[in-house]
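Q: Enclosed is the structure file query.cif (mmCIF, C-alpha atoms and all ligand atoms).
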```cif
data_structure
#
loop_
_atom_site.label_atom_id
_atom_site.label_comp_id
_atom_site.auth_asym_id
_atom_site.auth_seq_id
_atom_site.Cartn_x
_atom_site.Cartn_y
_atom_site.Cartn_z
CA MET A 1 104.83 117.22 125.25
CA MET A 2 107.01 116.29 122.29
CA ILE A 3 110.08 114.24 123.17
CA LYS A 4 112.90 114.72 120.66
CA GLU A 5 114.40 111.98 118.58
CA GLU A 6 117.42 111.16 120.70
CA ILE A 7 115.51 108.08 121.91
CA TYR A 8 115.79 106.27 118.62
CA LYS A 9 119.49 105.83 118.35
CA GLN A 10 119.62 102.65 116.32
CA LEU A 11 118.00 104.40 113.39
CA GLU A 12 120.56 107.16 113.25
CA ARG A 13 122.20 107.19 109.88
CA GLU A 14 123.37 109.84 107.53
CA ILE A 15 120.74 110.70 104.96
CA ASN A 16 122.19 111.87 101.70
CA PRO A 17 120.78 115.41 101.35
CA THR A 18 121.57 115.51 97.67
CA HIS A 19 119.20 112.82 96.56
CA ASP A 20 116.13 114.35 95.11
CA ILE A 21 113.16 113.05 97.08
CA LYS A 22 109.85 114.57 96.03
CA LEU A 23 107.88 114.75 99.25
CA PHE A 24 104.32 116.06 99.46
CA SER A 25 101.67 116.19 102.14
CA GLY A 26 97.91 116.17 102.35
CA ARG A 27 96.21 118.15 105.08
CA SER A 28 95.88 115.41 107.69
CA ASN A 29 99.30 115.75 109.37
CA PRO A 30 101.34 118.57 107.79
CA LYS A 31 103.44 118.97 110.94
CA LEU A 32 104.71 115.40 110.68
CA ALA A 33 105.36 115.91 106.96
CA GLN A 34 107.42 118.99 107.79
CA GLU A 35 109.46 117.03 110.35
CA VAL A 36 110.06 114.24 107.83
CA ALA A 37 111.13 116.77 105.21
CA GLU A 38 113.60 118.34 107.64
CA ALA A 39 115.03 114.93 108.51
CA LEU A 40 115.46 114.22 104.80
CA GLY A 41 117.08 117.60 104.18
CA THR A 42 114.33 118.58 101.76
CA SER A 43 111.08 120.51 101.86
CA VAL A 44 107.44 119.61 101.38
CA GLY A 45 106.56 120.18 97.73
CA PRO A 46 104.09 122.90 96.71
CA MET A 47 100.52 121.81 96.15
CA ILE A 48 97.19 123.62 96.33
CA ILE A 49 94.52 121.75 98.27
CA LYS A 50 91.24 123.47 98.96
CA ASP A 51 87.56 122.74 99.42
CA PHE A 52 84.78 123.81 97.11
CA ALA A 53 81.66 125.31 98.66
CA ASP A 54 79.93 121.92 98.60
CA SER A 55 82.97 120.28 100.36
CA GLU A 56 84.42 118.61 97.26
CA ILE A 57 88.23 118.72 97.33
CA TYR A 58 90.41 120.48 94.75
CA VAL A 59 94.09 119.55 94.27
CA GLN A 60 96.75 121.03 92.03
CA VAL A 61 100.44 120.10 92.09
CA LYS A 62 102.35 123.34 91.58
CA ASP A 63 105.66 122.03 90.16
CA SER A 64 106.32 119.49 87.46
CA VAL A 65 106.70 115.91 88.75
CA ARG A 66 107.03 114.29 85.32
CA GLY A 67 109.18 111.19 85.68
CA ASP A 68 109.63 111.68 89.45
CA ASP A 69 109.27 109.23 92.34
CA VAL A 70 106.73 110.97 94.54
CA PHE A 71 105.97 110.37 98.25
CA VAL A 72 102.70 111.67 99.74
CA ILE A 73 102.25 111.71 103.52
CA GLN A 74 98.65 111.37 104.65
CA PRO A 75 97.50 109.44 107.73
CA LEU A 76 93.87 108.33 107.47
CA CYS A 77 92.79 109.86 110.75
CA LYS A 78 89.80 112.07 111.59
CA PRO A 79 88.02 113.28 109.47
CA VAL A 80 88.74 109.83 108.01
CA ASN A 81 86.53 109.97 104.93
CA GLN A 82 87.73 113.43 103.95
CA ASN A 83 91.39 112.51 104.45
CA LEU A 84 90.99 109.30 102.48
CA MET A 85 89.25 111.06 99.60
CA GLU A 86 91.88 113.80 99.67
CA LEU A 87 94.65 111.21 99.40
CA LEU A 88 92.91 109.55 96.45
CA ILE A 89 92.55 112.89 94.67
CA ILE A 90 96.19 113.79 95.36
CA ILE A 91 97.30 110.43 93.91
CA ASP A 92 95.10 111.03 90.86
CA ALA A 93 96.68 114.47 90.39
CA PHE A 94 100.20 112.98 90.48
CA LYS A 95 99.22 110.20 88.10
CA ARG A 96 97.86 112.73 85.61
CA ALA A 97 101.01 114.84 86.10
CA SER A 98 103.06 111.85 84.83
CA ALA A 99 104.88 111.01 88.08
CA LYS A 100 106.97 107.87 87.54
CA SER A 101 105.87 106.32 90.82
CA ILE A 102 103.57 107.37 93.66
CA THR A 103 104.14 106.10 97.19
CA ALA A 104 101.36 106.77 99.69
CA VAL A 105 103.01 107.21 103.08
CA ILE A 106 100.19 106.31 105.47
CA PRO A 107 101.42 106.59 109.08
CA TYR A 108 97.96 105.57 110.31
CA TYR A 109 95.91 103.30 108.05
CA GLY A 110 92.31 104.06 108.94
CA TYR A 111 89.45 101.61 108.30
CA ALA A 112 91.93 98.83 109.20
CA ARG A 113 89.89 97.34 112.01
CA GLN A 114 87.21 96.10 109.62
CA ASP A 115 89.59 93.54 108.15
CA ARG A 116 87.26 90.52 108.06
CA LYS A 117 83.60 89.64 108.29
CA THR A 118 82.70 88.88 111.88
CA SER A 119 79.04 88.34 111.03
CA GLY A 120 76.85 88.29 107.93
CA ARG A 121 76.49 91.11 105.43
CA GLU A 122 79.43 93.22 106.68
CA ALA A 123 81.99 95.12 104.59
CA ILE A 124 85.75 94.58 104.71
CA THR A 125 86.87 98.19 104.62
CA ALA A 126 90.60 97.51 104.96
CA LYS A 127 90.44 95.75 101.58
CA LEU A 128 88.18 98.41 100.07
CA VAL A 129 90.69 101.15 100.99
CA ALA A 130 93.49 99.06 99.45
CA ASP A 131 91.49 98.79 96.22
CA LEU A 132 90.70 102.51 96.19
CA LEU A 133 94.36 103.47 96.59
CA THR A 134 95.38 101.10 93.81
CA THR A 135 92.64 102.31 91.47
CA ALA A 136 93.63 105.93 92.11
CA GLY A 137 97.12 105.14 90.79
CA CYS A 138 99.19 104.45 93.90
CA ASN A 139 102.24 102.25 93.17
CA ARG A 140 103.41 101.58 96.71
CA VAL A 141 102.25 102.04 100.28
CA LEU A 142 104.46 102.78 103.27
CA ALA A 143 102.45 102.05 106.43
CA VAL A 144 103.29 102.18 110.13
CA ASP A 145 102.03 99.43 112.47
CA LEU A 146 99.03 98.18 110.53
CA HIS A 147 96.26 96.88 112.78
CA THR A 148 97.02 93.41 111.43
CA GLY A 149 99.94 92.42 109.23
CA GLN A 150 97.62 90.53 106.91
CA ILE A 151 96.35 93.84 105.51
CA GLN A 152 99.52 93.86 103.39
CA GLY A 153 98.00 90.97 101.47
CA PHE A 154 94.93 93.05 100.59
CA PHE A 155 97.12 95.00 98.17
CA ASN A 156 98.33 93.92 94.75
CA ILE A 157 100.87 96.74 94.87
CA LEU A 158 104.00 96.93 97.03
CA VAL A 159 103.53 97.51 100.75
CA ASP A 160 106.35 98.43 103.10
CA HIS A 161 105.16 97.83 106.64
CA ILE A 162 107.31 99.51 109.27
CA PHE A 163 107.09 99.47 113.05
CA ALA A 164 107.23 102.29 115.59
CA THR A 165 107.19 99.84 118.49
CA SER A 166 110.92 100.33 119.15
CA ILE A 167 110.34 104.02 119.80
CA LEU A 168 107.93 103.15 122.61
CA VAL A 169 110.07 100.30 123.98
CA ASN A 170 113.12 102.55 124.09
CA TYR A 171 111.19 105.14 126.09
CA ILE A 172 110.24 102.50 128.66
CA LYS A 173 113.84 101.21 128.74
CA LYS A 174 115.00 104.71 129.66
CA LEU A 175 112.85 104.60 132.79
CA ASN A 176 115.39 102.03 134.08
CA LEU A 177 112.75 99.83 135.67
CA ASN A 178 113.91 96.62 137.27
CA PRO A 179 112.79 93.89 134.82
CA GLU A 180 111.80 91.70 137.77
CA ASP A 181 109.22 94.31 138.76
CA VAL A 182 107.74 94.68 135.26
CA VAL A 183 105.00 92.81 133.36
CA ALA A 184 104.17 93.51 129.72
CA VAL A 185 100.40 93.33 129.32
CA SER A 186 98.35 92.84 126.19
CA PRO A 187 94.93 94.51 126.62
CA ASP A 188 93.37 91.89 124.31
CA THR A 189 94.24 88.58 122.69
CA GLY A 190 94.86 90.28 119.33
CA GLY A 191 97.84 92.17 120.77
CA VAL A 192 99.64 89.22 122.35
CA LYS A 193 102.48 89.14 119.81
CA ARG A 194 103.19 92.82 120.37
CA ALA A 195 103.15 92.39 124.17
CA ARG A 196 105.32 89.28 123.91
CA ASN A 197 107.90 91.30 122.04
CA PHE A 198 107.71 94.09 124.61
CA ALA A 199 108.27 91.44 127.30
CA LYS A 200 111.24 90.04 125.40
CA GLU A 201 112.80 93.48 124.92
CA LEU A 202 112.22 94.51 128.51
CA GLY A 203 113.28 91.10 129.86
CA CYS A 204 110.04 90.80 131.83
CA THR A 205 107.03 88.50 132.10
CA LEU A 206 103.80 88.64 130.11
CA ALA A 207 100.12 88.94 131.03
CA ILE A 208 97.06 88.94 128.81
CA ILE A 209 93.61 90.44 129.27
CA ASP A 210 90.54 88.80 127.80
CA LYS A 211 88.62 91.72 126.26
CA ARG A 212 85.01 91.45 125.12
CA ARG A 213 82.92 93.82 123.05
CA ASP A 214 79.25 93.05 123.62
CA ARG A 215 78.23 96.45 122.29
CA HIS A 216 79.66 98.73 119.59
CA ASN A 217 82.48 100.93 120.96
CA GLU A 218 82.21 99.39 124.43
CA ALA A 219 85.05 97.28 125.80
CA ILE A 220 84.90 94.99 128.82
CA ALA A 221 88.12 93.74 130.41
CA ASN A 222 86.82 90.35 131.35
CA CYS A 223 89.65 88.53 133.07
CA LEU A 224 93.41 88.53 133.43
CA ILE A 225 95.79 85.72 132.53
CA GLY A 226 99.05 86.19 134.44
CA ASP A 227 100.25 87.74 137.69
CA VAL A 228 100.47 91.52 138.11
CA LYS A 229 100.39 91.82 141.91
CA ASP A 230 102.78 94.58 143.07
CA LYS A 231 104.15 94.79 139.52
CA ILE A 232 104.70 97.69 137.15
CA CYS A 233 102.51 96.94 134.15
CA VAL A 234 103.44 98.11 130.65
CA MET A 235 100.36 97.77 128.47
CA CYS A 236 100.84 98.03 124.73
CA ASP A 237 98.22 98.45 122.02
CA ASP A 238 98.28 99.60 118.42
CA ILE A 239 95.36 102.04 118.69
CA ILE A 240 93.75 104.07 121.44
CA ASP A 241 90.42 105.18 120.05
CA THR A 242 87.80 105.90 122.73
CA ALA A 243 90.30 104.58 125.32
CA GLY A 244 87.62 102.18 126.56
CA SER A 245 89.84 99.11 126.05
CA ILE A 246 92.91 100.52 127.74
CA THR A 247 91.19 102.22 130.68
CA GLU A 248 88.99 99.21 131.47
CA ALA A 249 92.12 97.05 131.30
CA ALA A 250 93.94 99.47 133.63
CA LYS A 251 91.12 99.26 136.16
CA LEU A 252 91.29 95.47 136.08
CA LEU A 253 95.07 95.52 136.54
CA LYS A 254 94.70 97.85 139.53
CA LYS A 255 92.04 95.54 140.99
CA GLU A 256 94.48 92.65 140.57
CA GLY A 257 97.11 94.53 142.59
CA ALA A 258 99.28 96.28 139.96
CA ARG A 259 101.60 98.90 141.47
CA ASP A 260 101.95 101.26 138.49
CA ILE A 261 100.60 101.16 134.95
CA TYR A 262 102.25 102.57 131.83
CA VAL A 263 100.40 102.52 128.52
CA CYS A 264 102.13 102.47 125.13
CA ALA A 265 100.20 102.83 121.88
CA ILE A 266 101.27 103.69 118.35
CA HIS A 267 98.19 105.47 117.03
CA PRO A 268 96.43 108.01 119.29
CA VAL A 269 93.06 108.20 117.56
CA PHE A 270 91.63 109.73 120.78
CA SER A 271 87.94 109.92 119.89
CA GLY A 272 85.20 111.34 122.13
CA PRO A 273 85.90 110.68 125.81
CA ALA A 274 89.41 109.25 125.29
CA ILE A 275 91.50 112.02 126.88
CA GLN A 276 89.21 112.35 129.90
CA ARG A 277 89.16 108.57 130.38
CA LEU A 278 92.94 108.42 130.23
CA GLU A 279 93.23 111.30 132.66
CA GLU A 280 90.91 109.67 135.17
CA ALA A 281 92.19 106.10 134.79
CA PRO A 282 94.74 104.60 137.19
CA ILE A 283 97.52 105.04 134.60
CA LYS A 284 100.86 106.69 135.38
CA GLU A 285 101.91 107.56 131.84
CA VAL A 286 100.49 107.15 128.32
CA ILE A 287 103.13 107.10 125.60
CA VAL A 288 101.94 107.50 122.00
CA THR A 289 103.42 108.61 118.67
CA ASN A 290 102.55 111.44 116.29
CA THR A 291 101.21 109.28 113.44
CA ILE A 292 98.01 111.21 114.20
CA PRO A 293 98.26 114.95 114.94
CA HIS A 294 97.05 116.45 118.22
CA ASP A 295 97.36 119.71 120.03
CA THR A 296 99.76 118.34 122.62
CA GLU A 297 99.43 121.57 124.64
CA LYS A 298 95.97 120.34 125.58
CA PHE A 299 97.20 116.90 126.66
CA PRO A 300 97.25 116.11 130.36
CA GLU A 301 100.77 115.86 131.75
CA LYS A 302 100.66 112.05 131.76
CA ILE A 303 100.33 111.79 127.94
CA LYS A 304 103.68 111.86 126.10
CA GLN A 305 103.98 111.98 122.33
CA LEU A 306 107.07 110.66 120.53
CA SER A 307 107.89 111.39 116.91
CA VAL A 308 107.98 108.85 114.09
CA ALA A 309 109.51 111.42 111.72
CA ASN A 310 112.99 109.92 111.86
CA LEU A 311 111.63 106.42 111.27
CA LEU A 312 109.59 107.58 108.26
CA SER A 313 112.45 109.59 106.81
CA GLN A 314 114.76 106.58 107.04
CA ALA A 315 112.19 104.37 105.32
CA ILE A 316 111.48 106.92 102.56
CA SER A 317 115.19 107.42 101.98
CA ARG A 318 115.75 103.68 101.68
CA ILE A 319 112.80 103.14 99.34
CA HIS A 320 114.04 105.98 97.16
CA ASP A 321 117.57 104.55 97.08
CA ASP A 322 116.43 100.92 96.62
CA GLU A 323 117.92 99.90 99.95
CA SER A 324 116.66 97.36 102.44
CA ILE A 325 113.83 98.46 104.72
CA SER A 326 113.85 95.38 106.93
CA SER A 327 117.36 96.17 108.11
CA LEU A 328 115.80 99.17 109.88
CA PHE A 329 114.23 96.86 112.40
CA GLY A 330 115.32 94.71 115.25
CA PHE A 331 112.89 92.64 117.24
CA GLU A 332 109.81 93.63 115.23
CA LYS A 333 110.95 91.35 112.42
CA GLU A 334 110.19 88.47 114.75
CA MET A 335 106.62 89.70 115.17
CA LYS A 336 105.72 88.25 111.80
CA VAL A 337 105.94 84.67 112.99
C1 LIG A 401 91.44 96.63 118.75
O1 LIG A 401 91.62 95.50 118.32
C2 LIG A 401 92.55 97.64 118.81
O2 LIG A 401 93.79 97.02 118.92
C3 LIG A 401 92.35 98.60 119.97
O3 LIG A 401 92.42 97.89 121.19
C4 LIG A 401 91.02 99.29 119.90
O4 LIG A 401 90.79 99.80 118.63
C5 LIG A 401 90.94 100.42 120.91
O5 LIG A 401 89.67 101.00 120.83
P1 LIG A 401 89.10 101.80 122.06
O6 LIG A 401 90.16 102.73 122.54
O7 LIG A 401 87.89 102.54 121.51
O8 LIG A 401 88.68 100.82 123.12
#
```
Step by step, read the file and then write its structure as structure tokens.
Ligand code: R5P

A:
Amino acid sequence: MMIKEEIYKQLEREINPTHDIKLFSGRSNPKLAQEVAEALGTSVGPMIIKDFADSEIYVQVKDSVRGDDVFVIQPLCKPVNQNLMELLIIIDAFKRASAKSITAVIPYYGYARQDRKTSGREAITAKLVADLLTTAGCNRVLAVDLHTGQIQGFFNILVDHIFATSILVNYIKKLNLNPEDVVAVSPDTGGVKRARNFAKELGCTLAIIDKRRDRHNEAIANCLIGDVKDKICVMCDDIIDTAGSITEAAKLLKKEGARDIYVCAIHPVFSGPAIQRLEEAPIKEVIVTNTIPHDTEKFPEKIKQLSVANLLSQAISRIHDDESISSLFGFEKEMKV
């Protein structure tokens, strides 16, 4: 179910409909692109994108973009390789069409989780994708909740890193839970800063789960640091992929006496068994954003999707007008430290 944008009040600001933003979209999330265009008072620019018989991608920009500042919306979600290649080809088309600048608006930056070598002879795909975008001709990236902030440093071009966390926090705030009953929970040690900021915003305590991955794509919630007995737990993660991490964590929280469990995550990758796991897990509600498109009609009632369109439109508008992006944010600025 799509919840409308009235939850994100602090971002409300008049967008000048007369400024000429050239917005385009790949095929990975055209619905979000349409919403962003509407919020900006513009439309998604005309472009032909089609596949050849052998699956190669063809792109043609239909109108002149000579000397224009161009924004292309394309999350790197499933099919990841196709969407990435499509974005690179779109950027190449704009470069060869003499666009003045090309900003890749990447609501979900795929390949981000391979951001370091954890053992010998591995690739660092987050850096490789940064290099590919730059080589294709991208001048700037606008990304939402990167898996780790350090990925910004993988680029030698400008990166604007924005946060959708407030959208999720504001939803939880509207539930009017008594802060004394609530615990913000990080499902792994990597997400502690995010959970700490949830705790600060909600005025509640913090708990942390020690997650292990002994096998590929398999998460084990090993132990809990903190007290959740009779508490309402708000777990927050950046990504739900197979939902192994979050559902194993929920089971542990229930075992430790949690009363209710809410899950907040920015990027609903939802691979394989994710939806079924979430449905069956002892979780009251799962709140995600639309950085990645889904047929929400098929979601179980407990999964709510909130839109990042307003956030993206504000950021695009500010980039276009050379205004501050950081002033868009409140507590997330503190997440950097
Ligand atoms: C890992 O560091 C991420 O923050 C997520 O916790 C992870 O990607 C979720 O994956 P899955 O849903 O497959 O357990």

Q: Using only C-alpha atoms and all ligand atoms, which of A:Arg113, A:Lys284, A:Arg212, A:Lys127 sits nearest ligand LIG 401 (chain A)?

A: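 Going through A:Arg113, A:Lys284, A:Arg212, A:Lys127 one by one, the smallest distance to ligand LIG 401 (chain A) is for A:Arg113.
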
Q: Of the candidates A:His161, A:Lys95, A:Lys193, A:Lys229, which shows the shortest atom-to-atom distance to Gly257 in chain A, using only C-alpha atoms?

A: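 Using only C-alpha atoms, Gly257 in chain A sits closest to A:Lys229.
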
Q: When you count only C-alpha atoms and all ligand atoms, which of these residues is closest to ligand LIG 401 (chain A): A:Pro46, A:Gly41, A:Pro293, A:Gly244?

A: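 With only C-alpha atoms and all ligand atoms as the atom set, the closest residue is A:Gly244.
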
Q: Just to confirm, what's the straight-line distance from CA of Asp214 in chain A to CA of Ala126 in chain A in Å (one decimal)?

A: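 So the two atoms, CA of Asp214 in chain A and CA of Ala126 in chain A, lie 22.3 Å apart.
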
Q: Counting all atoms listed in the file, which protein, DNA or RNA residues come within 8 Å of ligand LIG 401 (chain A), given as a CSV table (one decimal) with C-alpha atoms, in the frame of the given file?

A:
```csv
chain,number,residue,atom,x,y,z
A,113,ARG,CA,89.9,97.3,112.0
A,147,HIS,CA,96.3,96.9,112.8
A,187,PRO,CA,94.9,94.5,126.6
A,188,ASP,CA,93.4,91.9,124.3
A,190,GLY,CA,94.9,90.3,119.3
A,191,GLY,CA,97.8,92.2,120.8
A,217,ASN,CA,82.5,100.9,121.0
A,218,GLU,CA,82.2,99.4,124.4
A,219,ALA,CA,85.0,97.3,125.8
A,237,ASP,CA,98.2,98.4,122.0
A,238,ASP,CA,98.3,99.6,118.4
A,239,ILE,CA,95.4,102.0,118.7
A,240,ILE,CA,93.8,104.1,121.4
A,241,ASP,CA,90.4,105.2,120.0
A,242,THR,CA,87.8,105.9,122.7
A,243,ALA,CA,90.3,104.6,125.3
A,244,GLY,CA,87.6,102.2,126.6
A,245,SER,CA,89.8,99.1,126.0
A,246,ILE,CA,92.9,100.5,127.7
A,269,VAL,CA,93.1,108.2,117.6
A,270,PHE,CA,91.6,109.7,120.8
A,271,SER,CA,87.9,109.9,119.9
A,274,ALA,CA,89.4,109.2,125.3
```

Q: Would you mind listing what lies within 6 Å of range 312-327 of chain A as a ChimeraX atom specification, with only C-alpha atoms counted and same-chain residues fewer than 2 positions away left out?

A: /A:36,40,309-310,329

Q: CA of Gly67 in chain A to CA of Lys22 in chain A: how many Å, to one decimal?

A: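 These atoms are spaced 10.9 Å apart.
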
Q: Do you have the CA of Val65 in chain A-CA of Lys50 in chain A distance handy?

A: 20.0 Å

Q: I want to know what sits within 12 Å of range 299-301 of chain A, based on all atoms listed in the file, with residues of the same chain fewer than 6 positions away left out; could you give that as number ranges by chain?

A: A: 1-2, 268, 270, 274-280, 283-288, 293
